[in-house]
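Trainee: Input file: target30.cif. Contents: mmCIF, C-alpha atoms.
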```cif
data_input
#
loop_
_atom_site.label_atom_id
_atom_site.label_comp_id
_atom_site.auth_asym_id
_atom_site.auth_seq_id
_atom_site.Cartn_x
_atom_site.Cartn_y
_atom_site.Cartn_z
CA ASP A 1402 -185.53 71.10 13.23
CA ALA A 1403 -185.35 69.47 16.66
CA SER A 1404 -181.64 68.72 16.55
CA GLY A 1405 -180.33 71.97 18.03
CA PRO A 1406 -178.76 72.18 21.51
CA ILE A 1407 -181.84 73.74 23.10
CA CYS A 1408 -184.18 71.07 21.73
CA GLU A 1409 -181.80 68.30 22.69
CA GLN A 1410 -181.64 69.45 26.31
CA ALA A 1411 -185.37 70.15 26.46
CA ALA A 1412 -185.95 66.49 25.61
CA LEU A 1413 -183.94 65.31 28.62
CA PRO A 1414 -185.68 64.17 31.83
CA ALA A 1415 -186.56 66.92 34.29
CA GLY A 1416 -183.52 68.31 36.08
CA GLU A 1417 -180.94 66.90 33.68
CA ALA A 1418 -180.60 69.89 31.34
CA ARG A 1419 -177.17 71.42 31.86
CA ASP A 1420 -177.17 74.81 30.13
CA PHE A 1421 -180.83 75.88 30.01
CA ARG A 1422 -183.74 76.12 32.43
CA PHE A 1423 -187.09 74.79 31.24
CA VAL A 1424 -190.59 75.08 32.68
CA ASP A 1425 -193.81 73.22 31.97
CA THR A 1426 -196.04 76.31 31.75
CA GLY A 1427 -195.61 80.05 31.28
CA ASP A 1428 -196.69 80.69 34.87
CA SER A 1429 -193.74 78.63 36.07
CA VAL A 1430 -191.32 81.26 34.75
CA TRP A 1431 -192.34 83.39 37.74
CA GLU A 1432 -190.92 80.71 40.04
CA ILE A 1433 -187.39 81.23 38.67
CA GLN A 1434 -185.68 83.57 41.12
CA GLU A 1435 -182.18 84.96 41.43
CA THR A 1436 -180.50 87.34 43.87
CA ARG A 1437 -176.92 88.51 44.14
CA PRO A 1438 -174.89 89.82 47.09
CA TRP A 1439 -174.54 93.56 47.45
CA THR A 1440 -171.39 94.68 45.67
CA VAL A 1441 -168.32 96.04 47.45
CA PRO A 1442 -168.28 99.85 47.09
CA SER A 1443 -165.25 101.70 45.76
CA PRO A 1444 -164.27 105.37 46.28
CA LEU A 1445 -165.48 108.11 43.98
CA GLN A 1446 -163.39 108.31 40.84
CA PRO A 1447 -163.67 109.87 37.38
CA THR A 1448 -164.86 107.61 34.57
CA ALA A 1449 -163.55 107.46 31.01
CA ASP A 1450 -166.37 109.73 29.80
CA GLY A 1451 -165.64 112.40 32.39
CA GLN A 1452 -168.45 111.48 34.79
CA LEU A 1453 -168.09 110.64 38.46
CA GLY A 1454 -168.25 106.91 39.19
CA GLY A 1455 -167.83 104.65 42.19
CA GLY A 1456 -169.16 105.44 45.63
CA ARG A 1457 -172.02 102.93 45.48
CA THR A 1458 -173.12 99.42 46.31
CA ILE A 1459 -175.68 97.55 44.21
CA GLY A 1460 -178.12 94.76 44.99
CA TYR A 1461 -179.89 92.70 42.35
CA ALA A 1462 -182.92 90.44 42.12
CA ARG A 1463 -184.67 88.68 39.26
CA VAL A 1464 -188.02 86.94 39.30
CA GLY A 1465 -189.03 85.39 36.00
CA ASN A 1466 -188.16 87.91 33.31
CA VAL A 1467 -188.25 90.91 35.66
CA ALA A 1468 -184.83 92.14 36.79
CA VAL A 1469 -184.49 94.77 39.51
CA SER A 1470 -181.31 96.53 40.63
CA LEU A 1471 -181.11 98.79 43.66
CA SER A 1472 -178.12 101.00 44.37
CA PHE A 1473 -177.20 102.71 47.63
CA SER A 1474 -175.01 105.75 47.07
CA PRO A 1475 -174.60 109.47 47.68
CA LEU A 1476 -177.00 111.57 45.63
CA PHE A 1477 -175.48 114.81 44.32
CA ARG A 1478 -177.64 117.84 43.54
CA GLU A 1479 -176.81 121.39 42.52
CA LYS A 1480 -177.41 123.67 45.48
CA ASP A 1481 -178.73 126.50 43.32
CA GLN A 1482 -181.55 124.21 42.15
CA MET A 1483 -182.71 123.37 45.68
CA SER A 1484 -184.89 125.22 48.17
CA VAL A 1485 -183.65 126.37 51.56
CA ALA A 1486 -185.85 123.72 53.19
CA GLU A 1487 -184.36 120.95 51.04
CA LEU A 1488 -180.82 122.02 51.87
CA ALA A 1489 -181.65 122.13 55.57
CA ARG A 1490 -183.16 118.64 55.41
CA TYR A 1491 -180.02 117.27 53.76
CA ASP A 1492 -177.90 118.86 56.50
CA VAL A 1493 -180.01 117.30 59.26
CA ILE A 1494 -179.78 113.85 57.68
CA ASN A 1495 -176.03 114.08 57.14
CA ASP A 1496 -175.40 115.39 60.65
CA SER A 1497 -177.34 112.50 62.19
CA LEU A 1498 -175.27 110.01 60.16
CA GLY A 1499 -171.92 111.68 60.88
CA ILE A 1500 -171.42 112.78 57.27
CA ALA A 1501 -169.68 116.15 56.94
CA ILE A 1502 -169.95 117.58 53.42
CA ASP A 1503 -169.38 121.26 52.67
CA HIS A 1504 -168.99 121.48 48.91
CA PRO A 1505 -169.59 125.00 47.55
CA THR A 1506 -171.97 123.96 44.75
CA LEU A 1507 -173.13 120.40 45.44
CA ALA A 1508 -175.46 119.08 48.13
CA VAL A 1509 -175.15 115.41 49.06
CA THR A 1510 -177.42 112.91 50.78
CA PRO A 1511 -177.65 109.09 50.91
CA ALA A 1512 -180.10 107.67 48.40
CA PHE A 1513 -181.40 104.58 46.67
CA GLY A 1514 -181.46 104.32 42.91
CA ILE A 1515 -183.88 101.75 41.52
CA ARG A 1516 -183.98 100.32 38.02
CA ALA A 1517 -186.38 97.61 36.87
CA ALA A 1518 -187.34 96.02 33.56
CA LEU A 1519 -190.97 97.05 33.96
CA ASN A 1520 -191.84 99.04 30.85
CA GLU A 1521 -195.51 98.19 31.27
CA PRO A 1522 -197.73 96.52 33.89
CA LEU A 1523 -197.55 92.75 34.10
CA GLY A 1524 -201.11 92.56 35.42
CA THR A 1525 -203.56 95.11 36.79
CA GLU A 1526 -200.99 97.08 38.79
CA THR A 1527 -201.18 100.85 38.61
CA ARG A 1528 -198.25 101.76 40.85
CA TYR A 1529 -195.10 100.38 42.43
CA VAL A 1530 -194.06 100.77 46.05
CA LEU A 1531 -190.54 100.37 47.42
CA HIS A 1532 -190.66 99.55 51.10
CA PHE A 1533 -189.37 97.84 54.21
CA ASP A 1534 -191.55 95.31 56.06
CA ASP A 1535 -194.64 93.42 54.93
CA ILE A 1536 -196.76 95.25 52.36
CA ASN A 1537 -199.75 95.08 54.72
CA ALA A 1538 -197.87 97.32 57.18
CA PRO A 1539 -195.05 98.82 55.12
CA GLU A 1540 -192.53 101.53 55.80
CA ILE A 1541 -192.73 103.17 52.39
CA LEU A 1542 -189.58 104.56 50.80
CA TRP A 1543 -191.00 105.51 47.41
CA SER A 1544 -194.04 105.08 45.18
CA GLY A 1545 -194.41 105.63 41.44
CA PRO A 1546 -196.79 104.91 38.54
CA ALA A 1547 -196.76 101.58 36.71
CA GLU A 1548 -197.74 102.87 33.27
CA SER A 1549 -194.70 104.90 32.28
CA GLY A 1550 -193.92 103.17 28.97
CA THR A 1551 -190.22 103.14 29.90
CA PRO A 1552 -188.14 101.02 32.29
CA LEU A 1553 -188.77 101.89 35.91
CA GLU A 1554 -186.03 104.21 37.18
CA ALA A 1555 -185.95 106.57 40.15
CA ALA A 1556 -183.56 108.28 42.57
CA ILE A 1557 -184.86 108.11 46.14
CA PRO A 1558 -183.31 110.32 48.85
CA LEU A 1559 -183.36 108.53 52.20
CA GLY A 1560 -184.09 109.70 55.70
CA ALA A 1561 -181.58 108.88 58.42
CA ALA A 1562 -183.87 106.23 59.93
CA HIS A 1563 -184.12 104.48 56.56
CA VAL A 1564 -180.33 104.46 56.21
CA VAL A 1565 -180.02 102.93 59.68
CA ARG A 1566 -182.48 100.18 58.78
CA PHE A 1567 -180.70 99.48 55.52
CA ARG A 1568 -177.34 99.32 57.26
CA ALA A 1569 -178.83 96.90 59.80
CA GLY A 1570 -179.66 94.50 56.95
CA ASP A 1571 -183.41 95.00 56.65
CA PRO A 1572 -184.38 93.80 53.16
CA VAL A 1573 -185.90 96.21 50.65
CA ILE A 1574 -188.95 95.08 48.67
CA LEU A 1575 -190.59 96.29 45.46
CA THR A 1576 -194.34 95.60 45.35
CA ALA A 1577 -196.81 96.16 42.52
CA ILE A 1578 -200.17 97.51 43.68
CA GLY A 1579 -203.42 97.21 41.71
CA GLY A 1580 -206.34 94.81 41.64
CA ALA A 1581 -210.04 95.55 41.46
CA ASP A 1582 -209.91 98.36 44.00
CA GLY A 1583 -206.45 99.61 43.03
CA ASN A 1584 -204.98 98.84 46.44
CA GLU A 1585 -204.24 95.12 46.30
CA PRO A 1586 -200.67 93.74 46.19
CA GLU A 1587 -200.13 92.03 42.84
CA TYR A 1588 -196.62 90.68 43.43
CA SER A 1589 -193.45 91.54 45.34
CA ILE A 1590 -189.75 91.26 44.53
CA MET A 1591 -187.34 91.27 47.46
CA ILE A 1592 -183.79 92.51 46.96
CA GLY A 1593 -181.52 90.04 48.71
CA ASN A 1594 -179.64 91.30 51.77
CA VAL A 1595 -176.52 89.15 51.48
CA ASN A 1596 -173.51 91.43 52.17
CA GLN A 1597 -175.91 94.36 52.63
CA THR A 1598 -174.70 95.38 56.09
CA PRO A 1599 -170.95 95.16 55.33
CA ALA A 1600 -171.34 97.03 52.03
CA ALA A 1601 -173.49 99.77 53.56
CA THR A 1602 -171.08 100.14 56.48
CA VAL A 1603 -168.06 100.51 54.19
CA LEU A 1604 -169.83 103.11 52.08
CA LEU A 1605 -171.16 105.14 55.01
CA ASN A 1606 -167.73 105.15 56.64
CA TYR A 1607 -166.25 106.38 53.37
CA MET A 1608 -168.90 109.09 53.09
CA ALA A 1609 -168.10 110.24 56.62
CA ALA A 1610 -164.31 110.18 56.37
CA GLN A 1611 -162.96 110.50 52.84
CA MET A 1612 -165.69 111.42 50.37
CA ALA A 1613 -165.53 115.18 50.98
CA ASP A 1614 -161.86 115.27 49.97
CA ASP A 1615 -162.46 113.12 46.88
CA LEU A 1616 -165.45 115.21 45.86
CA SER A 1617 -163.42 118.43 46.14
CA ARG A 1618 -160.65 116.86 44.08
CA TYR A 1619 -162.85 115.65 41.23
CA GLU A 1620 -165.71 118.16 41.23
CA GLN A 1621 -164.28 121.67 41.05
CA PRO A 1622 -166.68 124.59 41.66
CA ARG A 1623 -167.92 126.37 38.55
CA ASP A 1624 -166.87 129.96 37.90
#
```
What does the file become when written as structure tokens?
Mentor:
Amino acid sequence: DASGPICEQAALPAGEARDFRFVDTGDSVWEIQETRPWTVPSPLQPTADGQLGGGRTIGYARVGNVAVSLSFSPLFREKDQMSVAELARYDVINDSLGIAIDHPTLAVTPAFGIRAALNEPLGTETRYVLHFDDINAPEILWSGPAESGTPLEAAIPLGAAHVVRFRAGDPVILTAIGGADGNEPEYSIMIGNVNQTPAATVLLNYMAAQMADDLSRYEQPRD
């Protein structure tokens, strides 16, 4: 049956379809790209299920059927599950960014959280790299395997220099690495940087001025 709304619009001349996007070949799907501005962060607040929400800004990009979201937010970890060196590193990062957090049980540091609809490799890639700059001379933020069998998801603590670059508006890129020698870029997806600097600035100012009080209010120390 070729009388449905999809078929009717597919039969229209190129560019005249109103509600659907059509391509001539499967490869052309990769040319369909979408990015969204970084969201405006809100303060930390309890959610309906008793978790702690807010306190983050999120960027989004889609290329073809691959959607990637990247959040920038405070990462909370239980102090009793961290080494002395890890705690000291968090303190150095926070001090350099003007973030004063002294919660009795939780350590906090700025972090990225990446999620991508990449359950399996699209080509010959064996790993993914999140980075600033061109992949031929990248500043690497994180690297992980491509053959996980589940959607790509990772929490990535950031150094102070990385936070400064992000706040300055430097775009973040996810690149798949593979090829014959295992070191060739297969494809890259850039997270758009529209509203990145304002959103990061609002969140960092909140982390420096108000977050400690909100965290103490909502996250009471365990007995």
Trainee: Which residues fall under the PyMOL selection byres ((chain A and resi 1585) around 12) in this file, as a tab-separated table (two decimals) with C-alpha atoms, in the coordinates of the input?
Mentor:
```
chain	number	residue	atom	x	y	z
A	1524	GLY	CA	-201.11	92.56	35.42
A	1525	THR	CA	-203.56	95.11	36.79
A	1526	GLU	CA	-200.99	97.08	38.79
A	1527	THR	CA	-201.18	100.85	38.61
A	1528	ARG	CA	-198.25	101.76	40.85
A	1529	TYR	CA	-195.10	100.38	42.43
A	1530	VAL	CA	-194.06	100.77	46.05
A	1536	ILE	CA	-196.76	95.25	52.36
A	1537	ASN	CA	-199.75	95.08	54.72
A	1576	THR	CA	-194.34	95.60	45.35
A	1577	ALA	CA	-196.81	96.16	42.52
A	1578	ILE	CA	-200.17	97.51	43.68
A	1579	GLY	CA	-203.42	97.21	41.71
A	1580	GLY	CA	-206.34	94.81	41.64
A	1581	ALA	CA	-210.04	95.55	41.46
A	1582	ASP	CA	-209.91	98.36	44.00
A	1583	GLY	CA	-206.45	99.61	43.03
A	1584	ASN	CA	-204.98	98.84	46.44
A	1586	PRO	CA	-200.67	93.74	46.19
A	1587	GLU	CA	-200.13	92.03	42.84
A	1588	TYR	CA	-196.62	90.68	43.43
A	1589	SER	CA	-193.45	91.54	45.34
```
Trainee: When you draw a straight line from atom CA of Gly1465 of chain A to atom CA of Pro1539 of chain A, how long is it in Å?
Mentor: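 So the two atoms, atom CA of Gly1465 of chain A and atom CA of Pro1539 of chain A, lie 24.1 Å apart.
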Trainee: Please provide as a ChimeraX atom specification all residues within 10 Å of Thr1436 of chain A, with the sequence filter that same-chain residues fewer than 5 positions apart are discarded (counting all atoms listed in the file).
Mentor: /A:1460-1464,1468-1470,1591-1595
Trainee: Could you jot down the atom CA of Ile1500 of chain A to atom CA of Ala1561 of chain A separation for me, Å, one decimal place?
Mentor: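 That distance, rounded to one decimal, is 10.9 Å.
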Trainee: I would like the residues chosen by the PyMOL selection byres ((chain A and resi 1607) around 10) on the shown file; could you give them as a PyMOL selection string?
Mentor: chain A and resi 1442-1445+1456+1500+1601-1606+1608-1613
Trainee: Go through A:Thr1506, A:Ser1617, A:Ser1497, A:Gln1446 one by one, measure the shortest atom-to-atom distance of each to Ala1562 of chain A using all atoms listed in the file, and give the residue with the smallest value.
Mentor: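 Among the listed residues, the smallest separation from Ala1562 of chain A belongs to A:Ser1497.
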Trainee: Please, what distance in Å, to one decimal, runs between atom CA of Trp1439 of chain A and atom CA of Glu1548 of chain A?
Mentor: 28.7 Å
Trainee: Please provide as a PyMOL selection string all residues within 9 Å of Ile1541 of chain A, with the sequence filter that same-chain residues fewer than 6 positions apart are discarded (counting all atoms listed in the file).
Mentor: chain A and resi 1530-1534
Trainee: Have a look at A:Thr1510, A:Asn1596, A:Thr1551, A:Gln1482 and name the one nearest to Leu1498 of chain A; count only C-alpha atoms.
Mentor: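 Of A:Thr1510, A:Asn1596, A:Thr1551, A:Gln1482, the one nearest Leu1498 of chain A is A:Thr1510, counting only C-alpha atoms.
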Trainee: Return the padded bounding box of segment 1477-1486 of chain A as AutoDock Vina command-line options: axis-aligned, built from all atoms listed in the file, 5 Å added on each side, with centre and edge lengths in Å to one decimal.
Mentor:
```
--center_x -180.7 --center_y 120.7 --center_z 47.7 --size_x 20.4 --size_y 21.7 --size_z 21.0
```
Trainee: With the PyMOL selection byres ((chain A and resi 1488) around 12) as the selection, what would be picked from this file? Answer as a list in words, please.
Mentor: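 For this structure, the PyMOL selection byres ((chain A and resi 1488) around 12) resolves to Phe1477, Arg1478, Glu1479, Lys1480, Asp1481, Gln1482, Met1483, Ser1484, Val1485, Ala1486, Glu1487, Ala1489, Arg1490, Tyr1491, Asp1492, Val1493, Ile1494, Asn1495, Ile1502, Asp1503, Thr1506, Leu1507, Ala1508, Val1509 and Thr1510 of chain A.
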